[in-house]
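Colleague: structure-v2.tsv is reproduced in full below (TSV, C-alpha atoms).
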chain	number	residue	atom	x	y	z
Y	12	MET	CA	82.45	131.37	90.67
Y	13	THR	CA	85.23	128.85	91.33
Y	14	THR	CA	88.92	128.87	90.55
Y	15	ALA	CA	90.54	126.44	88.15
Y	16	GLN	CA	91.55	123.19	89.76
Y	17	PRO	CA	95.15	121.96	89.40
Y	18	GLU	CA	95.39	118.77	87.39
Y	19	SER	CA	96.64	116.82	90.41
Y	20	PHE	CA	93.31	117.38	92.18
Y	21	ALA	CA	90.52	114.89	91.52
Y	22	THR	CA	87.12	116.51	91.15
Y	23	ILE	CA	83.60	115.25	91.69
Y	24	HIS	CA	80.72	116.47	89.53
Y	25	TRP	CA	76.95	116.60	90.04
Y	26	GLU	CA	73.90	118.66	89.10
Y	27	GLU	CA	72.05	120.82	91.59
Y	28	GLY	CA	69.34	123.39	90.95
Y	29	GLY	CA	69.57	122.68	87.26
Y	30	GLU	CA	73.24	123.74	87.18
Y	31	PRO	CA	76.42	121.62	86.92
Y	32	GLN	CA	78.49	121.67	90.11
Y	33	SER	CA	81.97	120.44	91.00
Y	34	ALA	CA	84.23	120.23	94.05
Y	35	ARG	CA	87.56	118.82	95.07
Y	36	TRP	CA	87.32	115.12	95.78
Y	37	ARG	CA	89.02	114.06	99.01
Y	38	CYS	CA	89.76	110.34	99.36
Y	39	GLU	CA	92.64	108.87	101.32
Y	40	ARG	CA	92.30	105.56	99.46
Y	41	GLY	CA	92.93	107.30	96.18
Y	42	THR	CA	89.81	105.90	94.52
Y	43	ALA	CA	88.00	107.95	91.90
Y	44	PRO	CA	84.68	109.61	92.79
Y	45	SER	CA	81.49	107.94	91.70
Y	46	ALA	CA	80.24	108.99	88.26
Y	47	ARG	CA	76.67	108.85	89.61
Y	48	VAL	CA	75.86	111.40	92.29
Y	49	VAL	CA	72.37	112.16	93.62
Y	50	LEU	CA	71.30	114.62	96.28
Y	51	ALA	CA	69.98	113.04	99.49
Y	52	ASP	CA	68.37	114.41	102.63
Y	53	ASP	CA	66.27	113.41	105.65
Y	54	THR	CA	63.37	112.33	103.44
Y	55	MET	CA	65.27	109.52	101.72
Y	56	PRO	CA	64.31	106.08	103.16
Y	57	ALA	CA	67.22	103.98	104.38
Y	58	ASP	CA	66.22	101.11	102.07
Y	59	VAL	CA	66.42	103.41	99.05
Y	60	ALA	CA	69.77	104.79	100.20
Y	61	TYR	CA	71.08	101.25	100.72
Y	62	ARG	CA	70.01	100.15	97.23
Y	63	LEU	CA	71.58	103.18	95.59
Y	64	ALA	CA	74.82	102.85	97.55
Y	65	CYS	CA	75.12	99.15	96.70
Y	66	GLU	CA	74.67	100.07	93.03
Y	67	GLY	CA	77.57	102.53	93.26
Y	68	THR	CA	75.51	105.74	93.37
Y	69	ALA	CA	76.95	108.38	95.69
Y	70	LEU	CA	74.59	110.25	98.02
Y	71	LEU	CA	75.60	113.89	98.49
Y	72	TRP	CA	73.90	114.84	101.75
Y	73	ARG	CA	71.83	118.00	101.94
Y	74	GLY	CA	69.90	117.32	105.16
Y	75	ASP	CA	70.63	117.39	108.89
Y	76	PHE	CA	74.21	116.29	109.61
Y	77	GLN	CA	73.28	114.09	112.57
Y	78	ASN	CA	70.67	112.35	110.42
Y	79	ALA	CA	73.44	111.55	107.93
Y	80	ARG	CA	75.29	109.83	110.77
Y	81	MET	CA	72.16	107.85	111.61
Y	82	LEU	CA	71.75	106.85	107.97
Y	83	LEU	CA	75.35	105.62	107.88
Y	84	GLN	CA	74.70	103.50	110.97
Y	85	SER	CA	71.57	102.09	109.33
Y	86	LEU	CA	73.53	101.15	106.20
Y	87	ALA	CA	76.20	99.51	108.38
Y	88	ARG	CA	73.58	97.36	110.14
Y	89	ARG	CA	72.21	96.16	106.80
Y	90	LEU	CA	75.71	95.34	105.59
Y	91	ASP	CA	76.51	93.46	108.80
Y	92	LYS	CA	73.40	91.32	108.42
Y	93	THR	CA	74.33	90.55	104.82
Y	94	GLY	CA	77.87	89.71	105.92
Y	95	GLU	CA	76.60	87.35	108.62
Y	96	ARG	CA	74.50	85.47	106.07
Y	97	LYS	CA	77.44	85.15	103.68
Y	98	ALA	CA	79.77	84.04	106.47
Y	99	LYS	CA	77.49	81.09	107.23
Y	100	LYS	CA	77.86	79.83	103.68
Y	101	LYS	CA	80.95	77.85	102.69
Y	102	PRO	CA	83.08	80.33	100.71
Y	103	ALA	CA	84.41	79.47	97.29
Y	104	ALA	CA	88.18	79.17	97.25
Y	105	PRO	CA	89.66	82.39	95.84
Y	106	SER	CA	92.95	82.36	93.99
Y	107	VAL	CA	96.05	84.48	94.39
Y	108	SER	CA	98.22	84.90	91.29
Y	109	GLY	CA	96.32	82.08	89.64
Y	110	MET	CA	97.06	79.60	92.46
Y	111	PRO	CA	94.33	78.26	94.77
Y	112	THR	CA	94.35	79.78	98.24
Y	113	PRO	CA	95.13	77.30	101.06
Y	114	GLN	CA	91.96	76.26	102.91
Y	115	VAL	CA	93.25	77.67	106.20
Y	116	ALA	CA	93.50	81.14	104.62
Y	117	LEU	CA	89.88	81.23	103.41
Y	118	PRO	CA	88.41	82.97	106.51
Y	119	PHE	CA	90.97	85.75	106.17
Y	120	HIS	CA	90.29	86.33	102.47
Y	121	GLN	CA	86.54	86.13	103.03
Y	122	GLN	CA	86.72	88.71	105.82
Y	123	ARG	CA	88.89	91.04	103.70
Y	124	HIS	CA	86.41	90.72	100.84
Y	125	LEU	CA	83.47	91.57	103.09
Y	126	GLN	CA	85.38	94.48	104.63
Y	127	ALA	CA	86.13	95.88	101.17
Y	128	GLN	CA	82.48	95.60	100.13
Y	129	ARG	CA	81.38	97.24	103.37
Y	130	ALA	CA	83.84	100.10	102.96
Y	131	ARG	CA	82.77	100.70	99.35
Y	132	VAL	CA	79.07	100.95	100.20
Y	133	LEU	CA	79.53	103.10	103.32
Y	134	SER	CA	81.80	105.49	101.41
Y	135	MET	CA	78.84	106.45	99.21
Y	136	VAL	CA	77.41	108.87	101.80
Y	137	LEU	CA	79.13	112.17	101.00
Y	138	ILE	CA	79.49	115.46	102.86
Y	139	GLY	CA	80.24	118.76	101.17
Y	140	MET	CA	82.22	121.59	102.74
Y	141	ASP	CA	83.39	124.98	101.57
Y	142	ALA	CA	86.93	126.01	100.70
Y	143	GLN	CA	87.64	126.69	104.40
Y	144	TYR	CA	86.49	123.19	105.50
Y	145	ALA	CA	83.20	124.43	106.99
Y	146	ILE	CA	80.06	122.27	106.64
Y	147	ALA	CA	76.86	124.19	105.85
Y	148	LEU	CA	74.42	121.62	107.24
Y	149	ARG	CA	72.13	121.71	110.26
Y	150	ARG	CA	73.82	120.44	113.45
Y	151	ALA	CA	77.13	120.02	111.65
Y	152	PRO	CA	80.24	119.95	113.88
Y	153	GLU	CA	83.25	122.19	113.40
Y	154	VAL	CA	85.84	120.09	111.60
Y	155	GLN	CA	88.19	122.78	110.33
Y	156	ALA	CA	91.03	121.93	112.72
Y	157	ALA	CA	90.79	118.20	111.99
Y	158	CYS	CA	90.77	118.80	108.22
Y	159	ALA	CA	93.73	121.17	108.45
Y	160	ASP	CA	95.66	118.52	110.42
Y	161	ALA	CA	95.02	115.94	107.70
Y	162	TRP	CA	95.04	118.02	104.51
Y	163	GLY	CA	96.96	121.15	105.39
Y	164	ALA	CA	95.77	124.75	105.47
Y	165	PRO	CA	92.85	125.58	103.17
Y	166	GLU	CA	93.83	126.96	99.77
Y	167	GLY	CA	91.93	128.08	96.72
Y	168	GLU	CA	88.21	128.77	96.41
Y	169	LEU	CA	86.92	125.36	95.40
Y	170	GLY	CA	84.74	123.45	97.86
Y	171	GLN	CA	85.49	119.93	99.11
Y	172	VAL	CA	83.56	116.68	99.12
Y	173	VAL	CA	84.52	113.73	101.34
Y	174	SER	CA	82.75	110.57	102.41
Y	175	LEU	CA	81.14	110.85	105.83
Y	176	ARG	CA	82.92	107.67	106.89
Y	177	GLU	CA	86.31	109.14	106.04
Y	178	LEU	CA	85.41	112.42	107.71
Y	179	GLN	CA	84.60	110.53	110.91
Y	180	ALA	CA	87.96	108.74	110.73
Y	181	LEU	CA	89.69	112.06	110.15
Y	182	VAL	CA	88.03	113.63	113.19
Y	183	GLY	CA	88.86	110.56	115.27
Y	184	ALA	CA	92.50	110.78	114.22
Y	185	HIS	CA	92.52	114.44	115.23
Y	186	GLU	CA	91.38	113.48	118.73
Y	187	TRP	CA	94.02	110.73	118.94
Y	188	ARG	CA	96.62	113.27	117.86
Y	189	LYS	CA	95.60	115.63	120.67
Y	190	LYS	CA	95.28	112.95	123.35
Y	191	GLY	CA	98.16	110.70	122.35
Y	192	VAL	CA	98.79	107.00	123.00
Y	193	GLU	CA	100.43	106.02	126.27
Y	194	ILE	CA	103.58	103.93	125.78
Y	195	PRO	CA	104.49	102.33	129.15
Y	196	ALA	CA	107.95	101.29	127.88
Y	197	LEU	CA	108.88	104.95	127.39
Y	198	ALA	CA	107.89	105.79	130.97
Y	199	LYS	CA	109.87	102.85	132.37
Y	200	LEU	CA	113.00	103.96	130.52
Y	201	ALA	CA	112.65	107.52	131.81
Y	202	PRO	CA	110.07	107.71	134.63
Y	203	LYS	CA	110.12	111.50	134.68
Y	204	GLY	CA	109.90	111.79	130.93
Y	205	TYR	CA	106.90	112.17	128.69
Y	206	ASP	CA	105.47	108.77	127.72
Y	207	ARG	CA	102.93	109.46	124.96
Y	208	ILE	CA	103.10	109.16	121.19
Y	209	HIS	CA	100.79	111.38	119.14
Y	210	PRO	CA	99.94	109.71	115.80
Y	211	HIS	CA	98.95	111.87	112.85
Y	212	TYR	CA	96.19	111.14	110.36
Y	213	ALA	CA	97.12	108.19	108.10
Y	214	VAL	CA	100.17	107.33	110.23
Y	215	PHE	CA	99.74	103.99	111.99
Y	216	SER	CA	99.22	104.32	115.73
Y	217	PRO	CA	101.35	102.13	118.06
Y	218	VAL	CA	98.30	100.80	119.88
Y	219	ARG	CA	99.84	97.33	120.12
Y	220	GLY	CA	102.46	98.10	122.71
Y	221	GLU	CA	103.88	94.61	123.10
Y	222	TYR	CA	106.34	95.02	120.23
Y	223	VAL	CA	107.61	98.21	121.86
Y	224	ASP	CA	108.20	96.24	125.07
Y	225	LEU	CA	110.35	93.76	123.14
Y	226	ILE	CA	112.56	96.58	121.81
Y	227	ALA	CA	112.83	98.11	125.26
Y	228	GLN	CA	113.90	94.82	126.89
Y	229	ALA	CA	116.11	93.02	124.33
Y	230	PRO	CA	119.84	92.99	125.17
Y	231	LEU	CA	121.77	95.52	123.12
Y	232	PRO	CA	124.51	94.12	120.86
Y	233	THR	CA	127.97	94.04	122.41
Y	234	ALA	CA	129.23	95.93	119.34
Y	235	LEU	CA	126.95	98.85	120.20
Y	236	SER	CA	128.79	101.43	122.28
Y	237	LYS	CA	127.17	104.67	123.36
Y	238	LYS	CA	128.81	106.38	120.38
Y	239	SER	CA	127.60	103.75	117.93
Y	240	LEU	CA	124.92	104.27	115.31
Y	241	ALA	CA	121.51	102.58	115.08
Y	242	TYR	CA	118.96	102.58	112.26
Y	243	ASP	CA	115.17	102.53	112.67
Y	244	ILE	CA	113.73	101.32	109.35
Y	245	GLY	CA	110.13	102.45	108.69
Y	246	THR	CA	109.86	104.73	111.70
Y	247	GLY	CA	106.18	105.73	111.38
Y	248	THR	CA	105.36	107.72	114.53
Y	249	GLY	CA	108.99	107.55	115.67
Y	250	VAL	CA	108.23	105.34	118.67
Y	251	ILE	CA	111.05	102.84	118.02
Y	252	ALA	CA	113.62	105.60	117.55
Y	253	ALA	CA	112.41	107.18	120.80
Y	254	VAL	CA	112.82	103.91	122.70
Y	255	LEU	CA	116.34	103.42	121.31
Y	256	ALA	CA	117.26	106.97	122.31
Y	257	ARG	CA	115.87	106.45	125.82
Y	258	ARG	CA	118.00	103.30	126.05
Y	259	GLY	CA	121.09	105.48	125.72
Y	260	ILE	CA	121.94	105.18	122.03
Y	261	GLN	CA	123.34	108.55	121.07
Y	262	LYS	CA	122.77	108.51	117.30
Y	263	ILE	CA	119.83	107.01	115.42
Y	264	VAL	CA	118.85	107.43	111.78
Y	265	ALA	CA	115.12	106.82	111.31
Y	266	THR	CA	113.78	106.30	107.79
Y	267	ASP	CA	110.38	106.29	106.14
Y	268	THR	CA	108.99	106.81	102.64
Y	269	ASP	CA	105.91	108.76	103.81
Y	270	PRO	CA	106.44	112.52	104.33
Y	271	ARG	CA	103.51	112.61	106.78
Y	272	ALA	CA	105.15	109.91	108.90
Y	273	LEU	CA	108.40	111.88	109.04
Y	274	ILE	CA	106.55	115.04	110.13
Y	275	CYS	CA	104.73	112.98	112.77
Y	276	ALA	CA	107.96	111.36	113.97
Y	277	ARG	CA	109.72	114.72	114.22
Y	278	GLU	CA	106.96	116.19	116.40
Y	279	ASN	CA	106.94	113.15	118.69
Y	280	LEU	CA	110.71	113.07	119.06
Y	281	GLU	CA	110.77	116.79	119.89
Y	282	ARG	CA	107.99	116.35	122.44
Y	283	LEU	CA	109.86	113.45	124.05
Y	284	GLY	CA	113.09	115.46	124.16
Y	285	VAL	CA	115.17	113.02	122.10
Y	286	ASP	CA	115.13	114.79	118.73
Y	287	GLN	CA	118.81	115.75	119.03
Y	288	LYS	CA	119.72	112.07	118.93
Y	289	VAL	CA	117.61	111.17	115.89
Y	290	GLU	CA	118.13	112.08	112.24
Y	291	LEU	CA	115.12	111.55	109.97
Y	292	ALA	CA	115.55	110.49	106.34
Y	293	GLN	CA	112.99	109.99	103.58
Y	294	THR	CA	114.18	106.83	101.85
Y	295	ASP	CA	113.04	103.32	101.03
Y	296	LEU	CA	114.45	101.04	103.73
Y	297	PHE	CA	118.13	101.83	104.43
Y	298	PRO	CA	120.16	105.03	104.63
Y	299	GLU	CA	123.75	104.97	103.42
Y	300	GLY	CA	126.40	103.51	105.70
Y	301	LYS	CA	126.53	100.84	108.39
Y	302	ALA	CA	125.21	100.65	111.93
Y	303	ALA	CA	125.78	98.40	114.94
Y	304	LEU	CA	122.02	97.95	115.32
Y	305	VAL	CA	119.36	97.97	112.57
Y	306	VAL	CA	115.75	97.66	113.74
Y	307	CYS	CA	112.71	97.01	111.58
Y	308	ASN	CA	109.06	96.33	112.39
Y	309	PRO	CA	107.67	95.60	108.89
Y	310	PRO	CA	104.00	94.95	108.06
Y	311	TRP	CA	103.03	91.56	109.42
Y	312	VAL	CA	100.46	90.35	106.89
Y	313	PRO	CA	101.38	89.62	103.23
Y	314	ALA	CA	98.22	91.00	101.64
Y	315	LYS	CA	97.34	94.02	99.51
Y	316	PRO	CA	96.53	97.16	101.54
Y	317	SER	CA	93.31	98.93	100.59
Y	318	ALA	CA	94.34	102.33	102.00
Y	319	PRO	CA	97.67	104.08	102.72
Y	320	VAL	CA	97.34	103.66	106.50
Y	321	GLU	CA	97.01	99.88	106.00
Y	322	ARG	CA	100.55	99.72	104.60
Y	323	ALA	CA	101.75	99.45	108.19
Y	324	VAL	CA	99.84	96.14	108.52
Y	325	TYR	CA	99.55	94.71	105.00
Y	326	ASP	CA	102.51	94.23	102.67
Y	327	GLU	CA	101.70	92.45	99.40
Y	328	GLY	CA	104.25	89.74	98.69
Y	329	SER	CA	106.14	90.57	101.92
Y	330	ARG	CA	108.03	93.21	99.91
Y	331	MET	CA	109.34	95.20	102.88
Y	332	LEU	CA	110.15	92.11	104.96
Y	333	ARG	CA	112.09	90.48	102.13
Y	334	GLY	CA	113.76	93.75	101.17
Y	335	PHE	CA	114.92	94.29	104.75
Y	336	LEU	CA	116.33	90.78	105.08
Y	337	ALA	CA	118.02	90.86	101.67
Y	338	GLY	CA	119.71	94.21	102.25
Y	339	VAL	CA	120.44	94.46	105.95
Y	340	SER	CA	123.78	92.59	105.96
Y	341	ALA	CA	125.29	95.33	103.76
Y	342	HIS	CA	124.31	97.89	106.41
Y	343	LEU	CA	125.52	96.06	109.53
Y	344	ALA	CA	128.78	97.07	111.20
Y	345	PRO	CA	131.09	94.17	112.27
Y	346	GLY	CA	129.50	92.34	115.20
Y	347	GLY	CA	126.27	94.29	114.78
Y	348	GLU	CA	122.74	92.93	114.98
Y	349	ALA	CA	119.56	93.30	112.96
Y	350	TRP	CA	116.38	93.21	115.00
Y	351	LEU	CA	113.34	92.01	113.08
Y	352	ILE	CA	110.06	92.43	114.97
Y	353	LEU	CA	107.44	90.19	113.41
Y	354	SER	CA	104.16	88.60	114.44
Y	355	ASP	CA	103.47	85.02	113.33
Y	356	PHE	CA	99.81	85.94	112.67
Y	357	ALA	CA	100.34	85.39	108.92
Y	358	GLU	CA	101.63	81.89	109.64
Y	359	HIS	CA	98.48	80.95	111.54
Y	360	LEU	CA	96.41	82.37	108.67
Y	361	GLY	CA	98.25	80.23	106.13
Y	362	LEU	CA	99.60	83.28	104.30
Y	363	ARG	CA	103.28	82.66	105.05
Y	364	SER	CA	105.09	79.68	106.57
Y	365	ARG	CA	107.84	79.64	109.18
Y	366	GLU	CA	109.94	77.70	106.68
Y	367	GLU	CA	109.67	80.57	104.18
Y	368	LEU	CA	110.79	83.11	106.78
Y	369	LEU	CA	113.76	81.00	107.85
Y	370	SER	CA	114.74	80.40	104.23
Y	371	TRP	CA	114.72	84.17	103.53
Y	372	ILE	CA	116.93	84.71	106.59
Y	373	ALA	CA	119.38	82.03	105.44
Y	374	GLU	CA	119.40	83.24	101.82
Y	375	ALA	CA	120.36	86.70	103.08
Y	376	GLY	CA	123.45	85.24	104.78
Y	377	LEU	CA	122.04	85.86	108.25
Y	378	GLN	CA	121.83	83.66	111.30
Y	379	VAL	CA	119.53	83.78	114.30
Y	380	VAL	CA	121.48	84.53	117.49
Y	381	GLY	CA	118.51	85.03	119.78
Y	382	LYS	CA	114.75	85.49	120.04
Y	383	ASN	CA	112.54	87.41	122.43
Y	384	GLN	CA	108.80	86.67	122.34
Y	385	ILE	CA	105.60	88.09	123.73
Y	386	ARG	CA	101.89	87.36	123.38
Y	387	PRO	CA	99.52	90.10	122.18
Y	388	ARG	CA	97.39	91.94	124.72
Y	389	HIS	CA	94.86	93.56	122.37
Y	390	ALA	CA	91.14	92.86	122.72
Y	391	LYS	CA	90.77	90.90	119.47
Y	392	ALA	CA	93.05	88.18	120.85
Y	393	GLN	CA	90.39	87.40	123.48
Y	394	ASP	CA	87.33	87.89	121.26
Y	395	SER	CA	86.01	84.39	120.50
Y	396	ALA	CA	83.37	85.85	118.16
Y	397	ASN	CA	86.04	87.24	115.83
Y	398	PRO	CA	86.20	85.22	112.56
Y	399	LEU	CA	89.99	84.99	112.92
Y	400	HIS	CA	89.98	84.19	116.65
Y	401	GLN	CA	91.83	80.88	116.30
Y	402	ALA	CA	94.76	82.56	114.57
Y	403	ARG	CA	94.70	85.53	116.92
Y	404	ALA	CA	94.65	83.34	120.03
Y	405	ALA	CA	97.75	81.49	118.82
Y	406	GLU	CA	99.63	84.61	117.72
Y	407	MET	CA	103.11	85.35	119.05
Y	408	THR	CA	105.23	88.42	118.34
Y	409	THR	CA	108.96	87.79	118.08
Y	410	LEU	CA	112.02	89.99	118.08
Y	411	TRP	CA	114.50	88.06	115.93
Y	412	ARG	CA	118.13	88.93	116.69
Y	413	LEU	CA	120.09	88.39	113.50
Y	414	GLN	CA	123.77	88.61	112.63
Y	415	VAL	CA	125.75	88.11	109.46
Y	416	GLY	CA	126.60	84.39	109.28
Y	417	TRP	CA	130.13	83.07	109.34
Please express the file's structure as structure tokens.
Modeller:
Amino acid sequence: MTTAQPESFATIHWEEGGEPQSARWRCERGTAPSARVVLADDTMPADVAYRLACEGTALLWRGDFQNARMLLQSLARRLDKTGERKAKKKPAAPSVSGMPTPQVALPFHQQRHLQAQRARVLSMVLIGMDAQYAIALRRAPEVQAACADAWGAPEGELGQVVSLRELQALVGAHEWRKKGVEIPALAKLAPKGYDRIHPHYAVFSPVRGEYVDLIAQAPLPTALSKKSLAYDIGTGTGVIAAVLARRGIQKIVATDTDPRALICARENLERLGVDQKVELAQTDLFPEGKAALVVCNPPWVPAKPSAPVERAVYDEGSRMLRGFLAGVSAHLAPGGEAWLILSDFAEHLGLRSREELLSWIAEAGLQVVGKNQIRPRHAKAQDSANPLHQARAAEMTTLWRLQVGW
């Protein structure tokens, strides 16, 4: 017997043992569960599973858990081979808003399309768990703590169903949360202080530390006294607010629209011992008032995100970037500066031009008073086999120092 499910919960339905069954559907992407669900176990050939998954049929696993992992790897290999064959063909030019995509942007759009197809197929392998997040399969790991981190404490009597791929990501995020990400800039600003950020599930991890280095090294505005106020727009894990606090700024207001990000930021700021200097606010872009320093690290790529966590990287139409530039002058104290941290990766992909960026700055009544730049250090920048290697190799991250124009 199961309890009634609140309307806000999506449910997945299937038949098992001649009886209709249902469970709570867990999907971070917010996509609806497949209408076609079949039971699968160790006896199902990988080719059959691949065909069903490509057709949109979900496979609710009833066999050995580790064999489900092996099946997922087998499906991934088949998808990779298919992707390699498609990549060798000249792609047809897609269109965005009815306009042809520039030729230079084709590799990016092709890769995003293949990634979306790959994610859709791999998400068809499903794992069921009970109301307490326990998996009743042979050799299944204990995932209760990881699920509680991501979804909150168990409630109700209805079981859960999640894709194996998402479950693996959830468990990986749990390990990242425990271990943390080392931020060298934090250690340099306070050698005896804690220097790790612990990202939560679905909150973007600051694994690219070069932008943090820019914030740690840029000269503070002359208008910024120790009693002045600074804003951190889109705080995420709270790493930027922590760096500003370690640089001696006594009051920072850090904003975000995501409640999970604000919870994550609060825990990190408390762990780093700077929470007394930072006020967290759930709002879109700016809090009320003016500050001598307003910092923003918006998503760098103007494309549609396919999952909530991707909103830290992809921003369709450059909404956050343009919103920040258009509104920041109204929130700058006299003589204050806006710091915009932005990679030019989108420029090398043909998704946004430098001229567009400069025109948005000028239209907002802002002027550039300085720039600090750094090259990326992540592995993809050196990977010549990556389809976007040319753009990644040329990438530069810039901290734009902006002031209200005269």
Colleague: When you count all atoms listed in the file, which of these residues is closest to Ala79 in chain Y: Y:Arg96, Y:Arg271, Y:Arg47, Y:Arg149?
Modeller: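 Selected residue with least distance to Ala79 in chain Y: Y:Arg149.
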Colleague: Quick one: residues within 9 Å of range 60-65 of chain Y, all atoms listed in the file counted, chain neighbours fewer than 5 positions away excluded, as a PyMOL selection string?
Modeller: chain Y and resi 51+55+70+82+85-86+89-90+128+131-136
Colleague: Could you write out that same residue set with C-alpha atoms as a PDB file, in the coordinates of the input?
Modeller:
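Written file, result-v9.pdb:
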ATOM      1  CA  ALA Y  51      69.980 113.040  99.490  1.00  0.00           C
ATOM      2  CA  MET Y  55      65.270 109.520 101.720  1.00  0.00           C
ATOM      3  CA  LEU Y  70      74.590 110.250  98.020  1.00  0.00           C
ATOM      4  CA  LEU Y  82      71.750 106.850 107.970  1.00  0.00           C
ATOM      5  CA  SER Y  85      71.570 102.090 109.330  1.00  0.00           C
ATOM      6  CA  LEU Y  86      73.530 101.150 106.200  1.00  0.00           C
ATOM      7  CA  ARG Y  89      72.210  96.160 106.800  1.00  0.00           C
ATOM      8  CA  LEU Y  90      75.710  95.340 105.590  1.00  0.00           C
ATOM      9  CA  GLN Y 128      82.480  95.600 100.130  1.00  0.00           C
ATOM     10  CA  ARG Y 131      82.770 100.700  99.350  1.00  0.00           C
ATOM     11  CA  VAL Y 132      79.070 100.950 100.200  1.00  0.00           C
ATOM     12  CA  LEU Y 133      79.530 103.100 103.320  1.00  0.00           C
ATOM     13  CA  SER Y 134      81.800 105.490 101.410  1.00  0.00           C
ATOM     14  CA  MET Y 135      78.840 106.450  99.210  1.00  0.00           C
ATOM     15  CA  VAL Y 136      77.410 108.870 101.800  1.00  0.00           C
TER      16      VAL Y 136
END
Colleague: Using only C-alpha atoms, can you tell me which of Y:Ala157, Y:Val306, Y:Ala151, Y:Leu283 comes closest to Asp243 in chain Y?
Modeller: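 Ranked by minimum distance to Asp243 in chain Y, first place goes to Y:Val306.
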Colleague: Which residues are near Arg80 in chain Y? Cut-off 8 Å, all atoms listed in the file, ignore same chain within fewer than 4 positions. Put them as a list in words.
Modeller: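 Close residues of Arg80 in chain Y: Phe76, Gln84 and Leu175 of chain Y.
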Colleague: Of the candidates Y:Ala402, Y:Ala34, Y:Ala43, Y:Ala241, which shows the shortest atom-to-atom distance to Asp141 in chain Y, using all atoms listed in the file?
Modeller: Y:Ala34
Colleague: Quick one, how far is CA of Ile146 in chain Y from CA of Phe20 in chain Y?
Modeller: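 These two atoms are separated by 20.2 Å.
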Colleague: When distances are computed from all atoms listed in the file, which of Y:Ala357, Y:Cys38, Y:Ile226, Y:Leu125 shows the smallest separation from Thr93 in chain Y?
Modeller: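 Closest candidate: Y:Leu125.
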Colleague: Could you state the separation of CA of Glu27 in chain Y and CA of Arg73 in chain Y in Å, given to one decimal place?
Modeller: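 Atom-to-atom, CA of Glu27 in chain Y to CA of Arg73 in chain Y, that is 10.7 Å.
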Colleague: Counting only C-alpha atoms, which of Y:His124, Y:Arg322, Y:Arg363, Y:Arg412 gets nearest to Gly381 in chain Y?
Modeller: Y:Arg412
Colleague: Kindly indicate which residue among Y:Leu280, Y:Leu343, Y:Leu273, Y:Leu410 lies nearest to Asp206 in chain Y, using all atoms listed in the file for the distances.
Modeller: Y:Leu280
Colleague: Using all atoms listed in the file, collect all residues at a distance of at most 12 Å from (106.5, 97.7, 126.8) as written in the file, then present them as a list of chain:residue names.
Modeller: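 The distance filter leaves exactly Y:Glu193, Y:Ile194, Y:Pro195, Y:Ala196, Y:Leu197, Y:Ala198, Y:Lys199, Y:Leu200, Y:Asp206, Y:Pro217, Y:Val218, Y:Arg219, Y:Gly220, Y:Glu221, Y:Tyr222, Y:Val223, Y:Asp224, Y:Leu225, Y:Ile226, Y:Ala227, Y:Gln228, Y:Ala229, Y:Val250, Y:Ile251, Y:Val254, Y:Ile385, Y:Arg386, Y:Pro387, Y:Arg388.
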Colleague: What does the distance between CA of Leu117 in chain Y and CA of Pro316 in chain Y come to in Å, to one decimal place?
Modeller: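 Taking CA of Leu117 in chain Y and CA of Pro316 in chain Y, their separation equals 17.4 Å.
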Colleague: Set the distance at 9 Å and use all atoms listed in the file: which residues neighbour Gly41 in chain Y once local chain neighbours fewer than 3 positions away are removed? I'd like the list as a list in words.
Modeller: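 Selected residues are Arg37, Cys38, Ala318 and Pro319 of chain Y.
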Colleague: Provide an axis-aligned box for all listed atoms of range 186-189 of chain Y, padding each side by 4 Å; report its centre and its edge lengths in Å to one decimal, as lines of an AutoDock Vina configuration file.
Modeller:
center_x = 94.0
center_y = 113.2
center_z = 119.3
size_x = 13.2
size_y = 12.9
size_z = 10.8
Colleague: Taking 3 positions as the minimum chain separation for residues in the same chain, which residues sit within 12 Å of Ala341 in chain Y when counting all atoms listed in the file? Answer as a PyMOL selection string.
Modeller: chain Y and resi 297-303+305+334-338+344-345+347-349+375-377+414-415
Colleague: Anything within 10 Å of (99.2, 79.3, 119.8): list those residues as a VMD selection string, counting all atoms listed in the file and sticking to the file's coordinates.
Modeller: chain Y and resid 355 to 356 359 386 401 to 407
